[in-house]
>>> print(open('final_0.cif').read())   # mmCIF, C-alpha atoms
data_upload
#
loop_
_atom_site.label_atom_id
_atom_site.label_comp_id
_atom_site.auth_asym_id
_atom_site.auth_seq_id
_atom_site.Cartn_x
_atom_site.Cartn_y
_atom_site.Cartn_z
CA MET Y 14 -13.07 -21.72 -3.29
CA VAL Y 15 -15.30 -22.27 -6.34
CA ILE Y 16 -13.89 -19.33 -8.27
CA LEU Y 17 -10.50 -21.02 -8.42
CA THR Y 18 -11.64 -24.34 -9.85
CA SER Y 19 -11.34 -23.44 -13.51
CA ILE Y 20 -7.81 -22.20 -13.00
CA LEU Y 21 -6.44 -24.92 -10.78
CA THR Y 22 -7.79 -27.82 -12.83
CA THR Y 23 -6.24 -26.73 -16.12
CA GLY Y 24 -2.98 -28.44 -15.25
CA ALA Y 25 0.52 -27.06 -15.51
CA LEU Y 26 0.91 -23.60 -16.94
CA THR Y 27 3.80 -23.74 -19.38
CA LEU Y 28 5.66 -20.73 -20.65
CA THR Y 29 5.90 -22.18 -24.16
CA ALA Y 30 2.19 -22.99 -24.40
CA CYS Y 31 1.04 -19.45 -23.82
CA GLY Y 32 2.94 -17.86 -26.67
CA SER Y 33 5.12 -15.82 -24.34
CA ARG Y 34 8.39 -16.69 -26.03
CA ASP Y 35 9.54 -14.48 -28.88
CA ASP Y 36 11.59 -16.78 -31.09
CA ASP Y 37 14.46 -15.46 -33.14
CA SER Y 38 13.84 -16.35 -36.80
CA SER Y 39 17.54 -16.96 -37.40
CA GLY Y 40 17.45 -19.92 -35.05
CA GLY Y 41 20.00 -18.38 -32.71
CA ASP Y 42 19.78 -18.69 -28.95
CA THR Y 43 18.24 -15.25 -28.51
CA ASP Y 44 14.74 -16.19 -27.39
CA THR Y 45 13.05 -13.65 -25.18
CA THR Y 46 10.34 -14.61 -22.75
CA THR Y 47 7.78 -11.98 -21.77
CA LEU Y 48 6.59 -12.15 -18.18
CA THR Y 49 3.89 -9.99 -16.67
CA ILE Y 50 3.73 -8.27 -13.30
CA GLY Y 51 0.13 -7.74 -12.31
CA VAL Y 52 -1.10 -4.61 -10.56
CA ASP Y 53 -4.36 -4.24 -8.68
CA ALA Y 54 -5.42 -0.85 -7.31
CA PRO Y 55 -8.25 1.67 -7.58
CA LEU Y 56 -7.43 3.36 -10.90
CA THR Y 57 -10.72 5.24 -11.16
CA GLY Y 58 -13.11 6.74 -8.64
CA GLU Y 59 -12.40 6.77 -4.91
CA ASN Y 60 -8.75 6.47 -3.84
CA SER Y 61 -7.59 6.61 -7.48
CA ALA Y 62 -4.97 9.32 -6.89
CA THR Y 63 -2.97 6.94 -4.72
CA GLY Y 64 -3.95 3.90 -6.79
CA LEU Y 65 -2.48 5.41 -9.95
CA GLY Y 66 0.72 6.12 -8.04
CA ILE Y 67 0.97 2.36 -7.42
CA GLN Y 68 0.40 1.50 -11.09
CA TYR Y 69 3.03 3.89 -12.39
CA GLY Y 70 5.51 3.05 -9.65
CA VAL Y 71 5.44 -0.53 -10.97
CA GLN Y 72 5.61 0.66 -14.57
CA ILE Y 73 8.81 2.61 -13.94
CA ALA Y 74 10.38 -0.39 -12.19
CA VAL Y 75 9.55 -2.60 -15.16
CA ASP Y 76 10.89 -0.03 -17.63
CA ASP Y 77 14.12 0.23 -15.65
CA ALA Y 78 14.53 -3.55 -15.50
CA ASN Y 79 13.99 -3.90 -19.25
CA LYS Y 80 16.36 -1.04 -20.04
CA LYS Y 81 19.11 -2.49 -17.83
CA ASN Y 82 18.41 -6.04 -19.07
CA LEU Y 83 18.22 -7.01 -15.41
CA VAL Y 84 17.11 -10.54 -16.29
CA PRO Y 85 18.78 -11.54 -19.57
CA GLY Y 86 16.33 -13.21 -21.94
CA VAL Y 87 13.31 -11.88 -20.08
CA LYS Y 88 11.20 -8.84 -20.92
CA PHE Y 89 8.69 -7.64 -18.34
CA LYS Y 90 5.37 -5.90 -18.90
CA VAL Y 91 2.63 -4.59 -16.62
CA LYS Y 92 -1.02 -5.64 -16.47
CA ALA Y 93 -2.92 -3.15 -14.32
CA LEU Y 94 -6.49 -3.90 -13.21
CA ASP Y 95 -8.88 -1.46 -11.56
CA ASP Y 96 -10.53 -2.69 -8.34
CA LYS Y 97 -12.36 0.61 -7.71
CA ALA Y 98 -11.55 0.07 -4.00
CA GLN Y 99 -14.18 -2.71 -3.97
CA PRO Y 100 -13.30 -6.07 -2.31
CA ALA Y 101 -15.41 -8.16 -4.72
CA THR Y 102 -13.79 -6.52 -7.73
CA GLY Y 103 -10.35 -7.09 -6.23
CA GLN Y 104 -11.11 -10.78 -5.87
CA GLN Y 105 -12.21 -10.96 -9.52
CA ASN Y 106 -9.01 -9.20 -10.56
CA ALA Y 107 -6.89 -11.62 -8.55
CA THR Y 108 -8.61 -14.52 -10.33
CA ALA Y 109 -7.94 -12.87 -13.69
CA LEU Y 110 -4.26 -12.34 -12.89
CA VAL Y 111 -3.82 -15.94 -11.72
CA GLY Y 112 -5.52 -17.12 -14.91
CA ASP Y 113 -3.09 -15.16 -17.11
CA LYS Y 114 -0.32 -17.64 -17.89
CA THR Y 115 2.28 -14.87 -18.24
CA VAL Y 116 1.75 -13.29 -14.80
CA VAL Y 117 4.56 -14.20 -12.41
CA GLY Y 118 3.59 -12.02 -9.43
CA ALA Y 119 1.36 -9.12 -8.44
CA VAL Y 120 1.71 -5.75 -6.74
CA GLY Y 121 -1.25 -4.41 -4.76
CA PRO Y 122 -3.88 -3.75 -3.71
CA LEU Y 123 -4.11 -0.32 -2.10
CA ASN Y 124 -6.84 -1.14 0.43
CA SER Y 125 -6.53 -3.67 3.24
CA GLY Y 126 -10.19 -4.64 2.91
CA VAL Y 127 -9.63 -5.50 -0.74
CA ALA Y 128 -6.53 -7.52 0.16
CA GLN Y 129 -8.56 -9.77 2.44
CA THR Y 130 -10.53 -11.05 -0.57
CA MET Y 131 -7.44 -11.52 -2.75
CA GLN Y 132 -5.00 -13.36 -0.50
CA GLN Y 133 -6.61 -16.79 -0.81
CA VAL Y 134 -6.74 -16.54 -4.60
CA PHE Y 135 -3.02 -15.84 -4.92
CA ALA Y 136 -2.14 -18.39 -2.23
CA SER Y 137 -4.04 -21.15 -4.05
CA ALA Y 138 -1.96 -20.43 -7.17
CA ASP Y 139 1.24 -20.14 -5.10
CA MET Y 140 1.85 -16.71 -6.62
CA ALA Y 141 3.58 -13.81 -4.87
CA GLN Y 142 1.53 -10.78 -3.92
CA ILE Y 143 3.29 -7.72 -2.54
CA SER Y 144 1.30 -4.73 -1.33
CA PRO Y 145 3.01 -1.33 -1.12
CA SER Y 146 0.26 0.09 1.07
CA ASN Y 147 -1.78 -2.44 3.09
CA THR Y 148 -1.27 -1.71 6.78
CA ASN Y 149 -3.81 -3.87 8.65
CA PRO Y 150 -1.83 -6.24 10.92
CA GLU Y 151 -4.20 -9.20 10.36
CA LEU Y 152 -3.06 -9.61 6.77
CA THR Y 153 0.36 -10.92 7.79
CA GLN Y 154 -0.02 -11.82 11.46
CA GLY Y 155 -3.52 -13.33 11.66
CA LYS Y 156 -6.73 -12.33 13.41
CA ASN Y 157 -5.21 -12.82 16.86
CA TRP Y 158 -2.08 -10.79 16.06
CA GLN Y 159 -2.26 -8.91 19.36
CA THR Y 160 -1.83 -12.13 21.36
CA THR Y 161 -0.66 -14.89 19.02
CA LYS Y 162 0.92 -14.00 15.69
CA LYS Y 163 0.44 -16.55 12.92
CA ARG Y 164 1.07 -15.90 9.24
CA PRO Y 165 -2.08 -16.75 7.22
CA TYR Y 166 -0.56 -16.84 3.72
CA LYS Y 167 3.08 -17.43 2.76
CA THR Y 168 2.50 -15.78 -0.63
CA TYR Y 169 1.57 -12.37 0.82
CA PHE Y 170 4.18 -9.67 1.54
CA ARG Y 171 4.15 -5.92 1.99
CA THR Y 172 6.61 -3.06 1.72
CA ALA Y 173 4.52 -0.84 4.04
CA THR Y 174 4.71 -1.14 7.81
CA THR Y 175 1.57 -1.92 9.84
CA ASP Y 176 -1.10 0.07 11.67
CA ALA Y 177 0.16 -1.40 14.94
CA LEU Y 178 3.11 0.94 14.48
CA GLN Y 179 1.40 3.74 12.58
CA GLY Y 180 -1.49 4.13 15.04
CA GLY Y 181 0.82 4.18 18.04
CA PHE Y 182 3.23 6.57 16.33
CA ALA Y 183 0.33 8.96 15.65
CA ALA Y 184 -1.02 8.70 19.19
CA ASP Y 185 2.40 9.45 20.65
CA TYR Y 186 2.83 12.50 18.44
CA ALA Y 187 -0.70 13.76 19.18
CA TYR Y 188 -0.25 13.45 22.95
CA ASN Y 189 3.41 14.28 23.45
CA GLY Y 190 4.16 16.31 20.34
CA LEU Y 191 0.98 18.32 19.82
CA LYS Y 192 0.07 18.22 23.53
CA LYS Y 193 -3.52 17.27 22.69
CA LYS Y 194 -5.48 15.71 25.55
CA ASN Y 195 -9.07 15.32 24.31
CA VAL Y 196 -9.61 13.63 20.95
CA PHE Y 197 -12.71 12.77 18.92
CA VAL Y 198 -12.24 9.59 16.86
CA VAL Y 199 -14.04 8.85 13.56
CA ASP Y 200 -13.60 6.01 11.08
CA ASP Y 201 -15.12 4.87 7.77
CA LYS Y 202 -16.01 1.34 8.97
CA GLN Y 203 -13.57 -0.19 6.48
CA THR Y 204 -10.83 -2.68 7.41
CA TYR Y 205 -8.05 -0.12 7.15
CA GLY Y 206 -9.82 2.88 8.65
CA ALA Y 207 -11.52 1.15 11.57
CA GLY Y 208 -8.39 -0.81 12.43
CA LEU Y 209 -6.17 2.25 12.43
CA ALA Y 210 -8.65 4.34 14.45
CA ASN Y 211 -9.00 1.61 17.07
CA ILE Y 212 -5.24 1.30 17.53
CA PHE Y 213 -4.80 5.08 17.74
CA GLN Y 214 -7.61 5.37 20.29
CA ALA Y 215 -6.24 2.60 22.51
CA GLN Y 216 -2.72 4.03 22.49
CA PHE Y 217 -3.91 7.61 23.07
CA LYS Y 218 -5.87 6.51 26.14
CA GLU Y 219 -2.93 4.49 27.40
CA LEU Y 220 -0.77 7.61 27.25
CA GLY Y 221 -3.28 9.45 29.43
CA GLY Y 222 -5.44 11.15 26.81
CA LYS Y 223 -9.23 11.26 26.84
CA VAL Y 224 -11.67 10.33 24.09
CA ALA Y 225 -14.35 13.00 23.76
CA GLY Y 226 -16.46 10.83 21.48
CA THR Y 227 -16.47 8.38 18.58
CA ASP Y 228 -18.47 8.04 15.39
CA HIS Y 229 -18.47 6.41 11.98
CA VAL Y 230 -19.12 7.52 8.41
CA ASN Y 231 -19.83 5.66 5.20
CA THR Y 232 -17.51 5.76 2.22
CA GLY Y 233 -19.01 8.01 -0.40
CA ASP Y 234 -20.73 10.34 2.10
CA LYS Y 235 -20.59 14.04 1.25
CA ASP Y 236 -22.63 15.80 3.93
CA PHE Y 237 -21.14 15.60 7.42
CA GLY Y 238 -23.26 18.25 9.11
CA ALA Y 239 -24.50 16.05 11.97
CA LEU Y 240 -21.01 14.70 12.62
CA VAL Y 241 -19.51 18.19 12.61
CA THR Y 242 -22.04 19.35 15.19
CA LYS Y 243 -21.26 16.38 17.41
CA ILE Y 244 -17.51 17.01 17.20
CA LYS Y 245 -17.90 20.73 17.85
CA ASN Y 246 -20.09 20.15 20.90
CA SER Y 247 -17.64 17.60 22.32
CA LYS Y 248 -15.01 20.32 22.90
CA ALA Y 249 -12.35 17.98 21.50
CA ASP Y 250 -8.99 19.59 20.73
CA LEU Y 251 -8.20 17.11 17.92
CA LEU Y 252 -10.14 15.00 15.43
CA TYR Y 253 -8.53 11.67 14.53
CA TYR Y 254 -9.85 10.06 11.34
CA GLY Y 255 -9.33 6.48 10.20
CA GLY Y 256 -9.97 6.22 6.48
CA GLN Y 257 -9.14 7.64 3.08
CA TYR Y 258 -8.84 11.19 1.79
CA ASP Y 259 -12.14 11.11 -0.11
CA GLU Y 260 -14.22 11.68 3.03
CA SER Y 261 -11.70 13.37 5.33
CA GLN Y 262 -11.03 16.21 2.89
CA LEU Y 263 -14.73 17.12 3.12
CA ILE Y 264 -14.99 16.56 6.86
CA THR Y 265 -12.16 18.99 7.64
CA LYS Y 266 -13.63 21.61 5.32
CA GLN Y 267 -17.10 21.38 6.85
CA LEU Y 268 -15.64 21.27 10.36
CA LYS Y 269 -13.68 24.51 9.87
CA GLU Y 270 -16.62 26.19 8.17
CA ALA Y 271 -18.71 25.40 11.28
CA GLY Y 272 -16.18 27.21 13.45
CA ALA Y 273 -14.39 24.23 14.98
CA LYS Y 274 -10.78 25.24 14.46
CA ILE Y 275 -9.16 21.96 15.46
CA PRO Y 276 -6.75 19.90 13.36
CA LEU Y 277 -7.74 16.67 11.67
CA PHE Y 278 -5.13 13.91 12.03
CA GLY Y 279 -5.20 10.76 9.92
CA GLY Y 280 -3.14 7.95 8.39
CA ASP Y 281 -1.43 7.32 5.08
CA GLY Y 282 -4.78 6.97 3.32
CA MET Y 283 -5.02 10.77 3.55
CA PHE Y 284 -1.48 11.54 2.45
CA THR Y 285 -2.04 13.00 -1.00
CA PRO Y 286 -2.01 16.52 -2.51
CA THR Y 287 -5.62 15.88 -3.53
CA TYR Y 288 -6.64 16.24 0.13
CA ILE Y 289 -5.19 19.75 0.26
CA GLU Y 290 -6.53 20.73 -3.15
CA THR Y 291 -10.09 19.79 -2.17
CA ALA Y 292 -10.09 21.06 1.41
CA GLY Y 293 -8.30 24.30 0.50
CA ALA Y 294 -7.38 26.60 3.36
CA ALA Y 295 -9.27 24.34 5.78
CA ALA Y 296 -6.49 21.76 5.45
CA GLU Y 297 -3.88 24.09 6.95
CA GLY Y 298 -2.49 22.53 10.12
CA ASP Y 299 -3.97 19.07 9.48
CA LEU Y 300 -1.70 16.07 9.91
CA VAL Y 301 -1.08 12.54 8.67
CA THR Y 302 1.29 9.70 9.33
CA SER Y 303 2.73 7.78 6.40
CA VAL Y 304 5.07 4.86 5.93
CA GLY Y 305 8.79 5.39 5.53
CA VAL Y 306 10.71 8.62 5.20
CA PRO Y 307 9.86 11.40 2.72
CA VAL Y 308 10.68 9.92 -0.69
CA GLU Y 309 12.05 13.27 -1.88
CA THR Y 310 14.82 13.05 0.73
CA LEU Y 311 16.10 9.70 -0.52
CA PRO Y 312 18.95 10.04 -3.04
CA ALA Y 313 18.11 6.67 -4.61
CA ALA Y 314 14.59 7.87 -5.39
CA LYS Y 315 15.64 10.93 -7.39
CA ALA Y 316 15.75 9.16 -10.76
CA PHE Y 317 12.35 7.59 -10.04
CA ILE Y 318 10.75 10.95 -9.23
CA ASP Y 319 12.33 12.56 -12.29
CA GLN Y 320 10.94 9.81 -14.52
CA TYR Y 321 7.48 10.02 -12.97
CA LYS Y 322 7.34 13.76 -13.57
CA ALA Y 323 8.90 13.60 -17.05
CA LYS Y 324 6.33 11.05 -18.22
CA LYS Y 325 3.56 13.22 -16.74
CA TYR Y 326 2.00 10.22 -15.04
CA LYS Y 327 -1.24 10.85 -13.19
CA GLY Y 328 -1.72 10.12 -9.51
CA ASP Y 329 0.53 10.72 -6.54
CA TYR Y 330 3.97 9.13 -6.39
CA GLN Y 331 4.70 10.51 -2.90
CA THR Y 332 2.54 8.09 -0.94
CA TYR Y 333 3.22 4.63 -2.35
CA GLY Y 334 5.01 5.10 -5.68
CA GLY Y 335 8.43 4.27 -4.27
CA TYR Y 336 7.12 1.28 -2.32
CA SER Y 337 5.43 0.00 -5.49
CA TYR Y 338 8.70 0.35 -7.40
CA ASP Y 339 10.48 -1.66 -4.73
CA ALA Y 340 7.71 -4.29 -4.63
CA ALA Y 341 7.97 -4.81 -8.39
CA THR Y 342 11.76 -4.92 -8.14
CA ALA Y 343 11.50 -7.67 -5.50
CA ILE Y 344 9.47 -9.77 -7.95
CA ILE Y 345 11.90 -9.05 -10.81
CA ASN Y 346 14.89 -9.97 -8.62
CA ALA Y 347 13.10 -13.18 -7.64
CA VAL Y 348 12.66 -14.13 -11.30
CA LYS Y 349 16.36 -13.49 -11.84
CA ALA Y 350 17.24 -15.74 -8.88
CA ALA Y 351 14.88 -18.47 -10.10
CA LYS Y 352 16.51 -18.40 -13.53
CA GLU Y 353 20.04 -18.52 -12.13
CA ALA Y 354 19.17 -21.45 -9.86
CA ASN Y 355 17.84 -23.41 -12.86
CA ASP Y 356 21.01 -23.52 -15.02
CA ASP Y 357 20.25 -19.97 -16.13
CA LYS Y 358 16.95 -21.00 -17.70
CA LEU Y 359 13.42 -20.16 -16.64
CA PRO Y 360 11.46 -23.17 -15.38
CA SER Y 361 9.26 -24.30 -18.28
CA ASP Y 362 6.34 -24.79 -15.92
CA MET Y 363 4.83 -21.47 -14.81
CA ASN Y 364 3.57 -23.08 -11.61
CA ASP Y 365 7.16 -23.94 -10.71
CA LEU Y 366 8.33 -20.43 -11.58
CA ARG Y 367 5.60 -18.82 -9.48
CA SER Y 368 6.34 -20.95 -6.43
CA THR Y 369 10.08 -20.32 -6.76
CA VAL Y 370 9.43 -16.58 -7.01
CA VAL Y 371 7.49 -16.74 -3.73
CA GLU Y 372 10.49 -18.36 -2.05
CA GLU Y 373 12.94 -15.87 -3.53
CA VAL Y 374 10.81 -12.83 -2.61
CA GLY Y 375 10.94 -14.05 0.98
CA LYS Y 376 14.75 -13.95 0.77
CA SER Y 377 14.81 -10.37 -0.57
CA ASP Y 378 17.69 -8.30 0.72
CA PHE Y 379 18.55 -5.30 -1.43
CA GLU Y 380 18.72 -1.53 -1.33
CA GLY Y 381 15.56 -0.17 -2.91
CA ILE Y 382 14.70 3.42 -3.65
CA THR Y 383 12.86 3.63 -0.32
CA GLY Y 384 15.64 1.99 1.69
CA LYS Y 385 16.51 -1.61 2.46
CA VAL Y 386 13.96 -4.12 1.17
CA SER Y 387 13.61 -7.34 3.15
CA PHE Y 388 10.80 -9.22 4.88
CA ASP Y 389 10.44 -10.88 8.26
CA GLU Y 390 8.91 -14.28 8.99
CA TYR Y 391 5.40 -12.85 8.57
CA GLY Y 392 6.04 -11.21 5.22
CA ASP Y 393 6.18 -7.75 6.81
CA THR Y 394 8.79 -5.22 5.77
CA THR Y 395 11.75 -4.83 8.06
CA ASN Y 396 11.70 -1.08 7.30
CA LYS Y 397 9.77 0.34 10.26
CA GLN Y 398 10.33 4.05 9.56
CA LEU Y 399 7.31 6.37 9.79
CA THR Y 400 6.81 10.08 9.22
CA VAL Y 401 4.33 12.68 10.47
CA TYR Y 402 3.42 15.31 7.88
CA GLN Y 403 1.53 18.57 8.47
CA VAL Y 404 -0.10 20.91 5.98
CA THR Y 405 2.01 24.08 6.02
CA LYS Y 406 1.30 26.87 3.53
CA GLY Y 407 -0.66 24.52 1.32
CA GLU Y 408 1.83 21.64 1.21
CA TRP Y 409 2.57 18.49 3.17
CA LYS Y 410 5.73 19.09 5.19
CA ALA Y 411 7.51 16.41 7.22
CA VAL Y 412 7.61 17.32 10.92
CA LYS Y 413 8.85 14.09 12.50
CA THR Y 414 10.41 10.86 11.26
CA GLY Y 415 11.17 7.88 13.46
CA THR Y 416 10.11 4.42 14.57
CA TYR Y 417 7.60 3.18 17.14
CA ASN Y 418 7.86 0.19 19.43
CA ALA Y 419 4.43 -1.39 19.61
CA GLY Y 420 5.51 -4.13 21.96
#
>>> encode(input="final_0.cif", output="C-alpha cells")
Amino acid sequence: MVILTSILTTGALTLTACGSRDDDSSGGDTDTTTLTIGVDAPLTGENSATGLGIQYGVQIAVDDANKKNLVPGVKFKVKALDDKAQPATGQQNATALVGDKTVVGAVGPLNSGVAQTMQQVFASADMAQISPSNTNPELTQGKNWQTTKKRPYKTYFRTATTDALQGGFAADYAYNGLKKKNVFVVDDKQTYGAGLANIFQAQFKELGGKVAGTDHVNTGDKDFGALVTKIKNSKADLLYYGGQYDESQLITKQLKEAGAKIPLFGGDGMFTPTYIETAGAAAEGDLVTSVGVPVETLPAAKAFIDQYKAKKYKGDYQTYGGYSYDAATAIINAVKAAKEANDDKLPSDMNDLRSTVVEEVGKSDFEGITGKVSFDEYGDTTNKQLTVYQVTKGEWKAVKTGTYNAG
C-alpha cells in the first residue's frame, strides 16, 4: 500500500536512535527505555463514551505496570489517537502509530469497520494490534469464515468474542428466554451492525421465529419517524438493532412515544449508561448482549474500577475498559518476555522487538482482570463468555451469563 512506503523504506527502527533511552548521568547501568502503547478509538463524537473507556483502560494498565516495575528498565506510556469512528481516520492513525519509533503495539479500535482499514498497516510493520471490542468474525477468520476459516493477519488479536457467538446468544435468549416469535430487524449498514443483525436474524429464524420486516438506518440519523411507523405496523413483538447506541437510543425513544411498547434488543455497541440517559424511561425493558461477564462481579477487576472512578476518567469502563486493560497487559507481558529471551536486554532494533512481541502475544496465558487471557490459532480470545443485560429501574442489570455454541 502506498501509505506505508515512507515508513517501510526508512530501514531499521532502533531504540537508541529515537531518543527513547533515558541515560543515567552517573554512568551506572540504570538506563530506562520508554516504550509506547498506542490506542486508537473514537475519543470524540459518536461512540466516544465507549471509546474513552478503551483509552483509560489502557492508561490504568500502563500505570500499574510502571508502578510495579513489571518490566525492569522499561517505562511505558500511552499514545491515544482519535479515529472519530471513521475508517479512513483509523487508517491514518495506524500509519502514525507505526511511524512512531517508540510504539511497540496498539490497542483498538472500537469499531470493526475501522479495524478493516488498519489491519494491513499494522501487519506490514509486523506490529501487534489487539482490539478489546471488535466482534466481526471476518477480522480473524477471513471473509469465508462460515465455511473455511483462514486467518488474514497474524498481527491482529482481540480480547472480545465474535458476533458469531453474540448474535446466536441473543437470538436464543430472544426466542427461548423472552418467548418472542416475531422480530423486526434494523441495522446501521456498518460492518459491525450489519454483521451482527444478519447473524441474529439467521439464528432467530432457525429457532422457529419469524421476521416481521427489516430496514436500515444511516449513522448520524436523528429522525426515525418513517422507520417507527413501519415497525409499529408490522406487529413485531421485538425490535432487534445492529449498531451503536447513538442511533438506537433515539429509535427506542421515538418508538415508545409512537405507542409501540416493544423492547429494543441490541449488541455490545449499545451497552453504555449513555443509552439509558438519552432514552430515559423509554429504555426500560430494553436489552443488550455484551462480551464476558459483568466486570463488577470479577474480584480481580475491583482495583481497576476503583482507580477508574478515583481518577474521574470520562467514558464507560463497563463495556470494554477491562478488556482494554487486559489487551495492554498482554503487550506489556510480551515486551517482558522479549527482553528475558534476549539476555534480559531489549532488542536494539525496534522491528525485531515488534515482531517478537507479536509472537509472544500469541502465546499469552495469564489471568487478567476479565478472566483468563489467551488466544486461539486465529487470534480470537478463548474467553467465550457472554451476558444479556436488561434495563431495570434505569440501570443495566445482568439477566443471563453463559456461552453459545455456534457450530
>>> residues_around(input="final_0.cif", residues="stretch 197-208 of chain Y", least_positions_apart="4", cutoff="8 Å", atoms="only C-alpha atoms", output="ChimeraX atom specification")
/Y:124-126,147-149,176,212,214,224-232,244,247,249-257
>>> closest_atom_pairs(input="final_0.cif", of="stretch 289-404 of chain Y", to="stretch 281-285 of chain Y", cutoff="12 Å", atoms="all atoms listed in the file", output="CSV")
residue,atom,partner,partner_atom,distance
Y:Ile289,CA,Y:Thr285,CA,7.6
Y:Glu290,CA,Y:Thr285,CA,9.2
Y:Thr291,CA,Y:Thr285,CA,10.6
Y:Ala292,CA,Y:Thr285,CA,11.6
Y:Ala296,CA,Y:Met283,CA,11.2
Y:Asp299,CA,Y:Met283,CA,10.3
Y:Leu300,CA,Y:Phe284,CA,8.7
Y:Val301,CA,Y:Phe284,CA,6.3
Y:Thr302,CA,Y:Asp281,CA,5.6
Y:Ser303,CA,Y:Asp281,CA,4.4
Y:Val304,CA,Y:Asp281,CA,7.0
Y:Gly305,CA,Y:Asp281,CA,10.4
Y:Pro307,CA,Y:Phe284,CA,11.3
Y:Gly328,CA,Y:Thr285,CA,9.0
Y:Asp329,CA,Y:Thr285,CA,6.5
Y:Tyr330,CA,Y:Thr285,CA,9.0
Y:Gln331,CA,Y:Thr285,CA,7.4
Y:Thr332,CA,Y:Phe284,CA,6.3
Y:Tyr333,CA,Y:Asp281,CA,9.2
Y:Gly334,CA,Y:Thr285,CA,11.6
Y:Leu399,CA,Y:Asp281,CA,10.0
Y:Thr400,CA,Y:Asp281,CA,9.6
Y:Val401,CA,Y:Asp281,CA,9.5
Y:Tyr402,CA,Y:Phe284,CA,8.2
Y:Gln403,CA,Y:Phe284,CA,9.7
Y:Val404,CA,Y:Phe284,CA,10.1
>>> resolve_selection(input="final_0.cif", expression="the PyMOL selection byres ((chain Y and resi 375-382) around 9)", output="JSON, numbers by chain")
{"Y": [167, 168, 170, 308, 311, 312, 313, 314, 315, 317, 335, 336, 338, 339, 342, 343, 346, 347, 370, 371, 372, 373, 374, 383, 384, 385, 386, 387, 388, 389, 390, 392]}
>>> atom_distance(input="final_0.cif", atom1="atom CA of Y:Gly58", atom2="atom CA of Y:Leu209")
22.6 Å
>>> closest_residue(input="final_0.cif", among="Y:Asp185, Y:Ala350, Y:Asp53, Y:Lys114", to="Y:Asp96", atoms="only C-alpha atoms")
Y:Asp53
>>> resolve_selection(input="final_0.cif", expression="the PyMOL selection byres ((chain Y and resi 295) around 9)", output="JSON, numbers by chain")
{"Y": [262, 265, 266, 267, 268, 269, 270, 274, 289, 292, 293, 294, 296, 297, 298, 299]}
>>> resolve_selection(input="final_0.cif", expression="the PyMOL selection byres ((chain Y and resi 354-360) around 12)", output="PyMOL selection string")
chain Y and resi 25-29+34+42+44-48+84-87+117+347-353+361-370+373
>>> closest_residue(input="final_0.cif", among="Y:Ile73, Y:Met140, Y:Ile50, Y:Leu277", to="Y:Lys322", atoms="all atoms listed in the file")
Y:Ile73
>>> residues_near_point(input="final_0.cif", point="(-15.5, -1.7, -6.2)", cutoff="10 Å", atoms="all atoms listed in the file", output="list in words")
Pro55, Thr57, Gly58, Glu59, Asp95, Asp96, Lys97, Ala98, Gln99, Pro100, Ala101, Thr102, Gly103 and Val127 of chain Y
>>> atom_distance(input="final_0.cif", atom1="atom CA of Y:Gln105", atom2="atom CA of Y:Val52")
12.8 Å
>>> atom_distance(input="final_0.cif", atom1="atom CA of Y:Thr161", atom2="atom CA of Y:Tyr186")
27.6 Å
>>> closest_residue(input="final_0.cif", among="Y:Ala183, Y:Ala173, Y:Ala419, Y:Ala62", to="Y:Phe217", atoms="all atoms listed in the file")
Y:Ala183
>>> decode(input="final_0.cif", residues="stretch 294-307 of chain Y", atoms="C-alpha atoms", output="compact mmCIF listing (two decimals), in the first residue's frame")
# COMPACT_ATOMS: atom_id res chain seq x y z
CA ALA Y 294 -37.91 5.96 30.64
CA ALA Y 295 -38.25 4.59 27.10
CA ALA Y 296 -35.18 2.43 27.70
CA GLU Y 297 -36.86 0.45 30.47
CA GLY Y 298 -37.02 -3.21 29.48
CA ASP Y 299 -34.59 -2.88 26.56
CA LEU Y 300 -31.80 -5.44 26.28
CA VAL Y 301 -28.25 -5.92 25.05
CA THR Y 302 -25.69 -8.66 24.86
CA SER Y 303 -22.09 -7.89 25.76
CA VAL Y 304 -18.83 -9.78 25.89
CA GLY Y 305 -17.71 -11.53 29.05
CA VAL Y 306 -19.28 -11.46 32.48
CA PRO Y 307 -20.24 -8.27 34.36
